[in-house]
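Here is model-v4.tsv, consisting of TSV, C-alpha atoms (C1' of nucleotides):
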```
chain	number	residue	atom	x	y	z
A	1	MET	CA	13.18	-1.57	-24.86
A	2	ILE	CA	12.39	1.84	-23.41
A	3	THR	CA	11.85	4.43	-26.12
A	4	ASP	CA	10.58	7.27	-23.97
A	5	ALA	CA	11.31	7.13	-20.27
A	6	ARG	CA	9.27	10.23	-19.49
A	7	VAL	CA	5.93	8.56	-20.09
A	8	LEU	CA	6.82	5.89	-17.54
A	9	GLN	CA	7.12	8.50	-14.81
A	10	THR	CA	4.03	8.64	-12.66
A	11	GLU	CA	4.10	12.44	-12.77
A	12	PHE	CA	3.90	12.49	-16.54
A	13	VAL	CA	0.84	14.31	-17.80
A	14	PRO	CA	-0.27	12.58	-21.01
A	15	SER	CA	-1.52	14.50	-24.02
A	16	GLU	CA	-4.82	12.68	-23.78
A	17	VAL	CA	-6.28	11.62	-20.47
A	18	VAL	CA	-7.57	8.06	-20.50
A	19	HIS	CA	-10.80	7.23	-18.71
A	20	ARG	CA	-11.28	10.53	-16.96
A	21	HIS	CA	-13.11	12.44	-19.65
A	22	ALA	CA	-16.10	13.22	-17.49
A	23	GLU	CA	-13.85	14.60	-14.76
A	24	VAL	CA	-11.85	16.68	-17.20
A	25	ASP	CA	-15.08	18.09	-18.62
A	26	THR	CA	-16.41	18.97	-15.20
A	27	ILE	CA	-13.32	20.88	-14.20
A	28	ALA	CA	-13.00	22.47	-17.59
A	29	GLY	CA	-16.62	23.54	-17.17
A	30	ALA	CA	-15.86	25.22	-13.87
A	31	LEU	CA	-12.96	27.14	-15.39
A	32	GLU	CA	-14.60	27.78	-18.72
A	33	PRO	CA	-16.01	31.25	-17.88
A	34	LEU	CA	-12.42	32.50	-17.87
A	35	VAL	CA	-12.44	32.25	-21.63
A	36	ASP	CA	-15.23	34.85	-21.79
A	37	ASP	CA	-13.67	37.00	-19.13
A	38	ASP	CA	-16.29	35.77	-16.71
A	39	ARG	CA	-16.09	34.57	-13.13
A	40	PRO	CA	-15.12	30.87	-12.95
A	41	GLU	CA	-15.78	28.51	-10.06
A	42	ASP	CA	-13.16	27.03	-7.81
A	43	ALA	CA	-12.86	23.25	-8.11
A	44	LEU	CA	-12.35	20.66	-5.39
A	45	LEU	CA	-11.03	17.23	-6.31
A	46	PHE	CA	-11.15	14.34	-3.88
A	47	GLY	CA	-10.09	10.72	-3.99
A	48	PRO	CA	-7.45	8.24	-2.81
A	49	THR	CA	-3.92	8.17	-4.23
A	50	GLY	CA	-3.31	7.07	-7.76
A	51	VAL	CA	-6.74	7.81	-9.18
A	52	GLY	CA	-5.66	10.61	-11.46
A	53	LYS	CA	-6.66	13.71	-9.50
A	54	THR	CA	-3.37	15.50	-10.00
A	55	CYS	CA	-3.12	14.34	-13.57
A	56	VAL	CA	-6.60	15.59	-14.44
A	57	ALA	CA	-6.01	18.91	-12.68
A	58	ARG	CA	-2.76	19.59	-14.47
A	59	TYR	CA	-4.06	18.39	-17.78
A	60	THR	CA	-7.16	20.56	-17.64
A	61	VAL	CA	-5.24	23.63	-16.60
A	62	SER	CA	-2.63	23.21	-19.29
A	63	ARG	CA	-5.31	22.82	-21.93
A	64	LEU	CA	-6.99	25.96	-20.73
A	65	ARG	CA	-3.73	27.78	-21.05
A	66	GLU	CA	-3.59	26.88	-24.72
A	67	GLN	CA	-6.83	28.78	-25.17
A	68	LEU	CA	-5.97	31.69	-22.95
A	69	LEU	CA	-2.56	33.04	-23.64
A	70	ASP	CA	-2.44	35.51	-20.80
A	71	LEU	CA	-3.60	33.00	-18.21
A	72	ARG	CA	-1.25	32.54	-15.30
A	73	THR	CA	-1.02	29.16	-13.68
A	74	CYS	CA	0.90	27.56	-10.86
A	75	TYR	CA	1.08	24.10	-9.37
A	76	VAL	CA	1.85	23.85	-5.66
A	77	ASN	CA	2.28	20.61	-3.79
A	78	CYS	CA	1.27	21.40	-0.23
A	79	TRP	CA	3.13	18.40	1.07
A	80	SER	CA	6.47	19.96	0.30
A	81	ASP	CA	5.23	23.53	0.72
A	82	ARG	CA	2.93	23.30	3.64
A	83	THR	CA	3.13	26.66	5.33
A	84	ARG	CA	1.22	29.77	4.45
A	85	PHE	CA	4.41	31.56	3.65
A	86	ARG	CA	5.75	28.92	1.30
A	87	VAL	CA	2.55	28.52	-0.65
A	88	LEU	CA	2.21	32.26	-1.12
A	89	TYR	CA	5.84	32.48	-2.06
A	90	ARG	CA	5.37	29.83	-4.75
A	91	LEU	CA	2.32	31.57	-6.12
A	92	LEU	CA	4.22	34.83	-6.37
A	93	ASP	CA	7.33	33.20	-7.68
A	94	ALA	CA	5.37	31.74	-10.59
A	95	ILE	CA	4.48	35.25	-11.71
A	96	ASP	CA	7.84	36.82	-10.89
A	97	ARG	CA	6.62	38.98	-8.04
A	98	THR	CA	9.01	37.80	-5.39
A	99	VAL	CA	11.81	40.17	-6.28
A	100	ASP	CA	12.10	42.04	-3.04
A	101	VAL	CA	10.20	39.72	-0.73
A	102	HIS	CA	13.18	39.37	1.54
A	103	ARG	CA	13.71	43.01	2.06
A	104	ARG	CA	11.24	44.80	4.33
A	105	SER	CA	10.74	41.76	6.50
A	106	THR	CA	7.31	40.67	5.66
A	107	PRO	CA	4.66	42.22	7.84
A	108	LYS	CA	2.02	39.59	8.37
A	109	ASP	CA	0.24	39.51	5.06
A	110	GLU	CA	2.55	41.32	2.76
A	111	LEU	CA	2.66	38.29	0.46
A	112	LEU	CA	-1.10	38.02	0.24
A	113	ASP	CA	-1.39	41.72	-0.51
A	114	ARG	CA	1.13	41.36	-3.22
A	115	LEU	CA	-0.78	38.51	-4.75
A	116	ARG	CA	-3.96	40.56	-4.54
A	117	GLU	CA	-2.33	43.39	-6.40
A	118	ALA	CA	-1.10	41.15	-9.18
A	119	ASP	CA	-4.54	41.03	-10.72
A	120	ASP	CA	-3.82	42.17	-14.25
A	121	HIS	CA	-4.29	38.61	-15.56
A	122	PRO	CA	-6.46	35.73	-14.39
A	123	TYR	CA	-4.60	33.18	-12.34
A	124	VAL	CA	-5.39	29.49	-11.81
A	125	ALA	CA	-3.61	27.80	-8.91
A	126	VAL	CA	-3.57	24.06	-8.40
A	127	LEU	CA	-3.11	23.24	-4.72
A	128	ASP	CA	-2.26	19.56	-4.52
A	129	GLU	CA	-2.43	17.63	-1.24
A	130	ALA	CA	-4.22	20.60	0.23
A	131	ASP	CA	-5.14	18.66	3.36
A	132	GLN	CA	-1.47	18.94	4.28
A	133	LEU	CA	-1.66	22.69	4.72
A	134	GLU	CA	-0.72	23.75	8.20
A	135	ASP	CA	-2.89	26.79	8.06
A	136	PRO	CA	-5.99	25.88	6.06
A	137	SER	CA	-7.41	29.37	6.42
A	138	LEU	CA	-5.08	30.22	3.60
A	139	LEU	CA	-7.67	28.59	1.36
A	140	TYR	CA	-10.19	31.13	2.58
A	141	ASP	CA	-7.93	34.07	1.88
A	142	LEU	CA	-7.00	32.75	-1.53
A	143	SER	CA	-10.59	32.02	-2.48
A	144	ARG	CA	-11.42	35.66	-1.81
A	145	LEU	CA	-9.01	36.96	-4.40
A	146	PRO	CA	-11.20	37.82	-7.38
A	147	HIS	CA	-8.68	37.09	-10.09
A	148	LEU	CA	-7.47	33.82	-8.57
A	149	THR	CA	-9.19	30.51	-9.23
A	150	LEU	CA	-8.37	27.52	-7.08
A	151	VAL	CA	-8.17	23.90	-8.06
A	152	VAL	CA	-7.85	22.14	-4.72
A	153	VAL	CA	-6.79	18.50	-4.60
A	154	ALA	CA	-7.11	16.44	-1.43
A	155	ASN	CA	-7.56	12.89	-0.25
A	156	ARG	CA	-10.72	12.86	1.72
A	157	GLU	CA	-13.41	15.46	1.56
A	158	THR	CA	-14.29	15.00	5.23
A	159	ASP	CA	-10.68	15.44	6.35
A	160	LEU	CA	-10.25	18.62	4.42
A	161	PHE	CA	-13.46	20.19	5.63
A	162	ALA	CA	-12.85	19.07	9.19
A	163	SER	CA	-9.70	21.17	9.22
A	164	LEU	CA	-11.42	24.21	7.79
A	165	SER	CA	-13.17	26.90	9.72
A	166	GLU	CA	-16.84	27.56	9.24
A	167	ARG	CA	-16.37	30.50	6.94
A	168	THR	CA	-13.79	28.76	4.80
A	169	SER	CA	-15.92	25.72	4.20
A	170	SER	CA	-19.03	27.71	3.52
A	171	ARG	CA	-17.04	29.74	1.08
A	172	LEU	CA	-15.93	26.56	-0.69
A	173	GLN	CA	-19.34	24.89	-0.53
A	174	SER	CA	-20.37	26.53	-3.76
A	175	SER	CA	-17.37	25.38	-5.75
A	176	THR	CA	-17.44	22.50	-8.18
A	177	ARG	CA	-16.77	19.30	-6.28
A	178	LEU	CA	-15.64	16.06	-7.77
A	179	SER	CA	-14.87	12.69	-6.26
A	180	PHE	CA	-12.62	10.23	-8.00
A	181	ASP	CA	-13.16	6.51	-7.58
A	182	ARG	CA	-10.50	3.90	-7.83
A	183	TYR	CA	-9.80	2.74	-11.35
A	184	GLY	CA	-11.23	-0.57	-12.45
A	185	THR	CA	-8.86	-3.15	-13.86
A	186	ASP	CA	-9.97	-2.46	-17.43
A	187	GLU	CA	-9.32	1.24	-16.99
A	188	LEU	CA	-5.87	0.62	-15.61
A	189	VAL	CA	-5.13	-1.70	-18.51
A	190	ALA	CA	-6.12	1.07	-20.91
A	191	ILE	CA	-3.86	3.52	-19.12
A	192	LEU	CA	-0.98	1.09	-19.18
A	193	GLN	CA	-1.54	0.37	-22.88
A	194	GLY	CA	-1.21	4.07	-23.58
A	195	ARG	CA	2.02	4.34	-21.68
A	196	ALA	CA	3.43	1.14	-23.18
A	197	GLU	CA	2.66	2.34	-26.69
A	198	GLN	CA	4.38	5.64	-26.15
A	199	GLY	CA	7.23	4.51	-23.98
A	200	LEU	CA	8.20	1.00	-25.03
A	201	GLU	CA	9.19	-0.85	-28.18
A	202	PRO	CA	6.23	-2.52	-29.87
A	203	GLY	CA	5.69	-6.02	-28.55
A	204	ALA	CA	7.65	-5.38	-25.37
A	205	ILE	CA	4.74	-6.40	-23.21
A	206	SER	CA	1.55	-8.36	-23.82
A	207	ASP	CA	-1.99	-7.38	-22.95
A	208	SER	CA	-2.31	-10.22	-20.50
A	209	GLN	CA	0.81	-9.01	-18.73
A	210	LEU	CA	-0.62	-5.52	-18.52
A	211	ARG	CA	-3.74	-7.03	-17.04
A	212	ARG	CA	-1.66	-8.76	-14.42
A	213	ILE	CA	-0.01	-5.48	-13.47
A	214	ALA	CA	-3.40	-3.79	-13.32
A	215	ASP	CA	-4.77	-6.51	-11.06
A	216	ALA	CA	-1.90	-6.22	-8.66
A	217	ALA	CA	-2.16	-2.45	-8.51
A	218	ALA	CA	-5.67	-2.62	-7.05
A	219	GLY	CA	-6.95	0.56	-8.66
A	220	ASP	CA	-3.86	2.67	-8.05
A	221	ALA	CA	-2.45	4.03	-11.28
A	222	ARG	CA	0.75	5.18	-9.61
A	223	ILE	CA	1.53	1.66	-8.54
A	224	ALA	CA	0.56	0.28	-11.94
A	225	ILE	CA	2.80	2.66	-13.85
A	226	GLY	CA	5.60	2.15	-11.35
A	227	THR	CA	5.37	-1.59	-11.88
A	228	LEU	CA	5.53	-1.19	-15.63
A	229	ARG	CA	8.57	1.04	-15.31
A	230	SER	CA	10.35	-1.30	-12.97
A	231	ALA	CA	9.76	-4.30	-15.24
A	232	ALA	CA	10.87	-2.37	-18.31
A	233	ARG	CA	14.06	-1.32	-16.57
A	234	THR	CA	14.85	-4.91	-15.71
A	235	ALA	CA	14.25	-5.97	-19.28
A	236	GLU	CA	16.50	-3.22	-20.52
A	237	ARG	CA	19.25	-4.11	-18.09
A	238	GLU	CA	19.12	-7.72	-19.19
A	239	ASP	CA	19.05	-6.74	-22.82
A	240	ALA	CA	15.79	-8.61	-23.43
A	241	ASP	CA	13.40	-7.91	-26.33
A	242	ALA	CA	10.34	-8.33	-24.16
A	243	ILE	CA	9.29	-8.27	-20.54
A	244	THR	CA	9.03	-11.79	-19.15
A	245	ASP	CA	6.55	-13.01	-16.57
A	246	ALA	CA	9.38	-13.53	-14.13
A	247	MET	CA	10.35	-9.88	-14.43
A	248	LEU	CA	6.79	-8.94	-13.62
A	249	THR	CA	6.80	-11.14	-10.57
A	250	ASP	CA	9.75	-9.15	-9.27
A	251	ALA	CA	8.38	-5.81	-10.33
A	252	ILE	CA	5.02	-6.08	-8.61
A	253	PRO	CA	6.21	-6.01	-4.99
A	254	ASP	CA	8.99	-3.71	-6.07
A	255	ALA	CA	6.66	-0.90	-7.11
A	256	ARG	CA	4.87	-0.82	-3.76
A	257	GLU	CA	8.15	-1.00	-1.96
A	258	THR	CA	9.48	1.97	-3.91
A	259	VAL	CA	6.47	4.06	-3.03
A	260	ARG	CA	6.88	3.13	0.61
A	261	GLN	CA	10.62	3.66	0.60
A	262	ARG	CA	10.25	7.10	-0.84
A	263	ALA	CA	7.92	8.03	1.99
A	264	ILE	CA	10.25	6.52	4.59
A	265	ASP	CA	13.17	8.49	3.24
A	266	GLN	CA	11.33	11.69	4.00
A	267	LEU	CA	10.91	10.89	7.67
A	268	THR	CA	13.11	12.21	10.43
A	269	ASP	CA	15.19	9.77	12.50
A	270	HIS	CA	12.70	9.73	15.33
A	271	GLN	CA	9.79	9.15	13.01
A	272	ARG	CA	11.66	6.32	11.36
A	273	VAL	CA	12.25	4.66	14.73
A	274	CYS	CA	8.50	4.79	15.35
A	275	TYR	CA	7.85	3.29	11.96
A	276	ARG	CA	10.32	0.45	12.52
A	277	ILE	CA	8.85	-0.40	15.89
A	278	VAL	CA	5.40	-0.78	14.37
A	279	ALA	CA	6.81	-2.67	11.39
A	280	GLU	CA	8.70	-5.09	13.62
A	281	ALA	CA	5.83	-5.62	16.02
A	282	GLY	CA	3.22	-5.99	13.31
A	283	GLU	CA	0.67	-4.71	15.76
A	284	ILE	CA	1.25	-2.66	18.89
A	285	GLU	CA	-0.56	-0.55	21.42
A	286	PRO	CA	0.33	3.07	22.02
A	287	GLY	CA	1.74	2.51	25.53
A	288	ASP	CA	4.16	-0.24	24.48
A	289	LEU	CA	5.05	1.66	21.39
A	290	TYR	CA	6.12	4.69	23.37
A	291	GLU	CA	8.10	2.58	25.85
A	292	ARG	CA	10.08	0.93	23.08
A	293	TYR	CA	10.60	4.23	21.38
A	294	ARG	CA	12.02	5.67	24.59
A	295	GLU	CA	14.43	2.78	24.97
A	296	ARG	CA	15.65	3.07	21.46
A	297	VAL	CA	16.52	6.73	21.03
A	298	ASP	CA	18.90	9.02	22.86
A	299	GLU	CA	16.75	12.01	23.52
A	300	PRO	CA	13.17	10.85	23.35
A	301	ARG	CA	10.46	13.31	22.42
A	302	THR	CA	7.31	13.53	24.50
A	303	ARG	CA	4.28	11.34	24.04
A	304	ARG	CA	2.41	14.17	22.44
A	305	THR	CA	5.04	14.61	19.75
A	306	VAL	CA	5.19	10.88	19.09
A	307	ARG	CA	1.43	10.99	18.59
A	308	ASP	CA	1.96	13.55	15.89
A	309	TYR	CA	4.57	11.31	14.31
A	310	LEU	CA	2.14	8.42	14.31
A	311	SER	CA	-0.67	10.33	12.73
A	312	LYS	CA	1.76	11.40	10.08
A	313	LEU	CA	2.81	7.79	9.48
A	314	ASP	CA	-0.85	6.86	9.28
A	315	HIS	CA	-1.51	9.60	6.81
A	316	TYR	CA	1.19	8.35	4.50
A	317	ASN	CA	-0.01	4.79	4.77
A	318	LEU	CA	3.16	3.62	6.44
A	319	VAL	CA	1.19	2.36	9.42
A	320	ARG	CA	-2.50	2.01	10.02
A	321	ALA	CA	-4.28	3.12	13.18
A	322	SER	CA	-7.41	1.25	14.08
A	323	GLY	CA	-9.85	2.02	16.82
A	324	GLU	CA	-9.89	5.37	18.48
A	325	LYS	CA	-9.40	6.87	21.88
A	326	ARG	CA	-8.51	4.23	24.34
A	327	GLY	CA	-8.88	1.14	22.17
A	328	ARG	CA	-6.33	2.14	19.58
A	329	THR	CA	-3.71	-0.13	18.06
A	330	TYR	CA	-1.21	0.57	15.35
A	331	HIS	CA	-0.63	-1.96	12.60
A	332	ALA	CA	2.15	-2.36	10.13
A	333	VAL	CA	0.95	-1.89	6.59
A	334	GLY	CA	1.57	-5.28	5.07
A	335	ARG	CA	3.65	-5.83	1.97
A	336	SER	CA	0.91	-7.86	0.39
A	337	GLU	CA	-1.78	-5.26	0.96
B	338	DC	C1'	-24.64	1.97	36.62
B	339	DG	C1'	-20.51	5.25	37.85
B	340	DT	C1'	-15.57	5.74	38.15
B	341	DC	C1'	-11.12	5.32	36.68
B	342	DC	C1'	-7.80	5.16	33.15
B	343	DA	C1'	-5.39	5.35	28.59
B	344	DC	C1'	-5.32	7.66	24.70
B	345	DT	C1'	-6.32	11.36	21.26
B	346	DG	C1'	-5.78	15.79	19.33
B	347	DG	C1'	-6.50	21.06	20.07
B	348	DA	C1'	-4.38	25.25	22.00
B	349	DA	C1'	-0.88	27.99	23.75
B	350	DG	C1'	3.59	28.94	24.62
B	351	DC	C1'	8.82	28.17	24.47
B	352	DC	C1'	13.02	28.37	21.99
B	353	DG	C1'	16.65	28.01	18.39
B	354	DT	C1'	17.33	29.57	13.69
B	355	DG	C1'	17.71	32.65	10.02
B	356	DG	C1'	16.77	36.74	7.30
B	357	DC	C1'	16.22	41.70	7.63
B	358	DG	C1'	16.51	46.67	8.78
B	359	DC	C1'	19.10	49.71	11.14
C	360	DG	C1'	26.68	43.83	15.41
C	361	DC	C1'	22.08	44.35	17.48
C	362	DG	C1'	17.28	43.86	17.94
C	363	DC	C1'	13.25	42.16	15.65
C	364	DC	C1'	10.23	38.94	13.86
C	365	DA	C1'	8.42	34.87	11.47
C	366	DC	C1'	8.78	29.99	11.48
C	367	DG	C1'	9.02	25.26	12.62
C	368	DG	C1'	9.72	21.74	15.99
C	369	DC	C1'	8.79	20.84	20.29
C	370	DT	C1'	6.59	20.72	25.14
C	371	DT	C1'	2.94	21.56	28.44
C	372	DC	C1'	-1.67	21.54	29.57
C	373	DC	C1'	-6.12	20.00	28.90
C	374	DA	C1'	-10.91	18.59	27.44
C	375	DG	C1'	-13.09	14.85	25.48
C	376	DT	C1'	-14.05	10.00	25.01
C	377	DG	C1'	-14.24	4.90	24.74
C	378	DG	C1'	-13.13	0.65	27.31
C	379	DA	C1'	-12.40	-1.87	31.69
C	380	DC	C1'	-13.83	-2.81	35.99
C	381	DG	C1'	-16.01	-2.64	40.54
```
Show me, as structure tokens, the structure contained in the file I just sent.
Amino acid sequence: MITDARVLQTEFVPSEVVHRHAEVDTIAGALEPLVDDDRPEDALLFGPTGVGKTCVARYTVSRLREQLLDLRTCYVNCWSDRTRFRVLYRLLDAIDRTVDVHRRSTPKDELLDRLREADDHPYVAVLDEADQLEDPSLLYDLSRLPHLTLVVVANRETDLFASLSERTSSRLQSSTRLSFDRYGTDELVAILQGRAEQGLEPGAISDSQLRRIADAAAGDARIAIGTLRSAARTAEREDADAITDAMLTDAIPDARETVRQRAIDQLTDHQRVCYRIVAEAGEIEPGDLYERYRERVDEPRTRRTVRDYLSKLDHYNLVRASGEKRGRTYHAVGRSE
DNA sequence: CGTCCACTGGAAGCCGTGGCGC
DNA sequence: GCGCCACGGCTTCCAGTGGACG
């Protein structure tokens, strides 16, 4: 059934990007001057999850590296490395300049200086989920390094710029900006066909089944590919030659659930309690929510902290906040959504 | 209309932890 | 071992704001 499990991973960067040629060209265009030893532009990529931002960024950068042998590149996910220190550390680590970082306990911007000095080769850094950075002014400092080119990936343009200071945003105004729309069903089908061809036995899944997956994924390629993987696993486990419609029926909710579960697993205990309260209530107001939270945990955090938890849950689509200021309610994010 | 109130999210500061130089 | 410092998680304080209500 499965001939190549790698291509069924959502993180897999295909050798040819389906349906994002224009985007690839735009970013490649921004970076192109590097080939002639010229000054490239930074690139900003925006769009919701599962629309191929990360994929396009990584693909474009890796293709550029084929042309430019001495190009340095690094991919940083700012969700897992969200502090200034960690991002800088990653960027240095990728070029082997971290050797003695721990000695001489880092005076404020030792790491940045070090990165500045490592300018013997051009460097392209992909900063994924950049709106998660705790200290967004890092973007400003990085954008001022002449040999470093940024490819910044974030969800919403407005959110990212809201968190930036005046000088940072004006500095980034001039960069190449690109918004990604949700995939249409046909585009998702094409993506799935590519993955099925590379990863599954011929005839394992029909086009109409792929279309069904694409429909259910509502424009999100991560969900679509996850569904395909889940169905293929079931087929393999049951020793079937092909994926049946019944397997798909199971796989469709499964893929969303997996995405959600992975996010839930990353929460702390207190955050999880908050999530459960909203999930159980379906819809709840902040006051009640905090009361229940206080009853349920041993050493409750303050309201302010719980507010931070909730905005985090909102950000990861585990709950949805509607209304603002006084009129706010928190909703569970439904399974069928 | 003005006033009160609930709620949000920024800012500053506290504190435990952990790595480092001495 | 000691003092130092960065860091992250948290609290405290607060300005701002939309909705409810007299």
Return as a Markdown table the residues of chain C lying at most 8 Å from chain A, together with the closest atom-to-atom pair for each and the distance in Å to one decimal, counting all atoms listed in the file, with rows in chain order and ascending residue number.
```
| residue | atom | partner | partner_atom | distance |
| --- | --- | --- | --- | --- |
| C:DC364 | C1' | A:Ser105 | CA | 7.9 |
| C:DC369 | C1' | A:Thr305 | CA | 7.3 |
| C:DT370 | C1' | A:Thr302 | CA | 7.3 |
| C:DT376 | C1' | A:Lys325 | CA | 6.4 |
| C:DG377 | C1' | A:Arg326 | CA | 5.8 |
| C:DG378 | C1' | A:Arg326 | CA | 6.6 |
```
With distances taken over all atoms listed in the file, the candidate from B:DG358, B:DG339, B:DG347, B:DG353 nearest chain A is B:DG358
Dump as JSON lines the rows for residues of chain B within 8 Å of chain A: closest atom pair and distance in Å with one decimal, all atoms listed in the file counted, ordered by chain and rising residue number.
```
{"residue": "B:DA343", "atom": "C1'", "partner": "A:Arg326", "partner_atom": "CA", "distance": 5.4}
{"residue": "B:DC344", "atom": "C1'", "partner": "A:Arg326", "partner_atom": "CA", "distance": 4.7}
{"residue": "B:DT345", "atom": "C1'", "partner": "A:Lys325", "partner_atom": "CA", "distance": 5.5}
{"residue": "B:DG356", "atom": "C1'", "partner": "A:His102", "partner_atom": "CA", "distance": 7.3}
{"residue": "B:DC357", "atom": "C1'", "partner": "A:Ser105", "partner_atom": "CA", "distance": 5.6}
{"residue": "B:DG358", "atom": "C1'", "partner": "A:Arg104", "partner_atom": "CA", "distance": 7.1}
```
Pairwise distance, CA of Asp42 in chain A with CA of Gly219 in chain A, equals 27.2 Å
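Separating CA of Gln67 in chain A from CA of Leu112 in chain A is a distance of 27.6 Å.
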Hey, what's within 12 Å of Leu8 in chain A if we count all atoms listed in the file and toss same-chain stuff fewer than 2 positions away? As a ChimeraX atom specification, please? /A:2-6,10-14,191-200,221-233
**Prompt:** Leaving out Gly29 in chain A and any residue of its chain fewer than 4 positions from it, which residues lie within 12 Å of it when counting all atoms listed in the file, given as JSON, numbers by chain?
**Reply:** {"A": [21, 22, 23, 24, 25, 33, 34, 35, 39, 40, 41, 42, 43, 60, 61, 64, 175, 176, 177]}
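CA of Glu201 in chain A is positioned 15.1 Å from CA of Glu238 in chain A.
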Worksheet entry | Point (10.9, 19.2, 11.5), cut-off 8 Å, counting all atoms listed in the file, residues as a PyMOL selection string | (chain A and resi 268) or (chain C and resi 367-368)
List the spatial neighbours of Cys274 in chain A as a PyMOL selection string - criterion: any atom at most 12 Å away, only C-alpha atoms (C1' of nucleotides), same-chain residues fewer than 4 positions off excluded.
chain A and resi 264+267-270+278-281+284+286+288-297+300-301+303+305-314+318-319+330-332
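Closest approach to DA348 in chain B among C:DC366, C:DA379, C:DC361, C:DC372: C:DC372, based on only C-alpha atoms (C1' of nucleotides).
When only C-alpha atoms are used to measure the gap to Ala255 in chain A, the shortest distance among A:Ile213, A:Ala242, A:Ile27, A:Leu45 belongs to A:Ile213.
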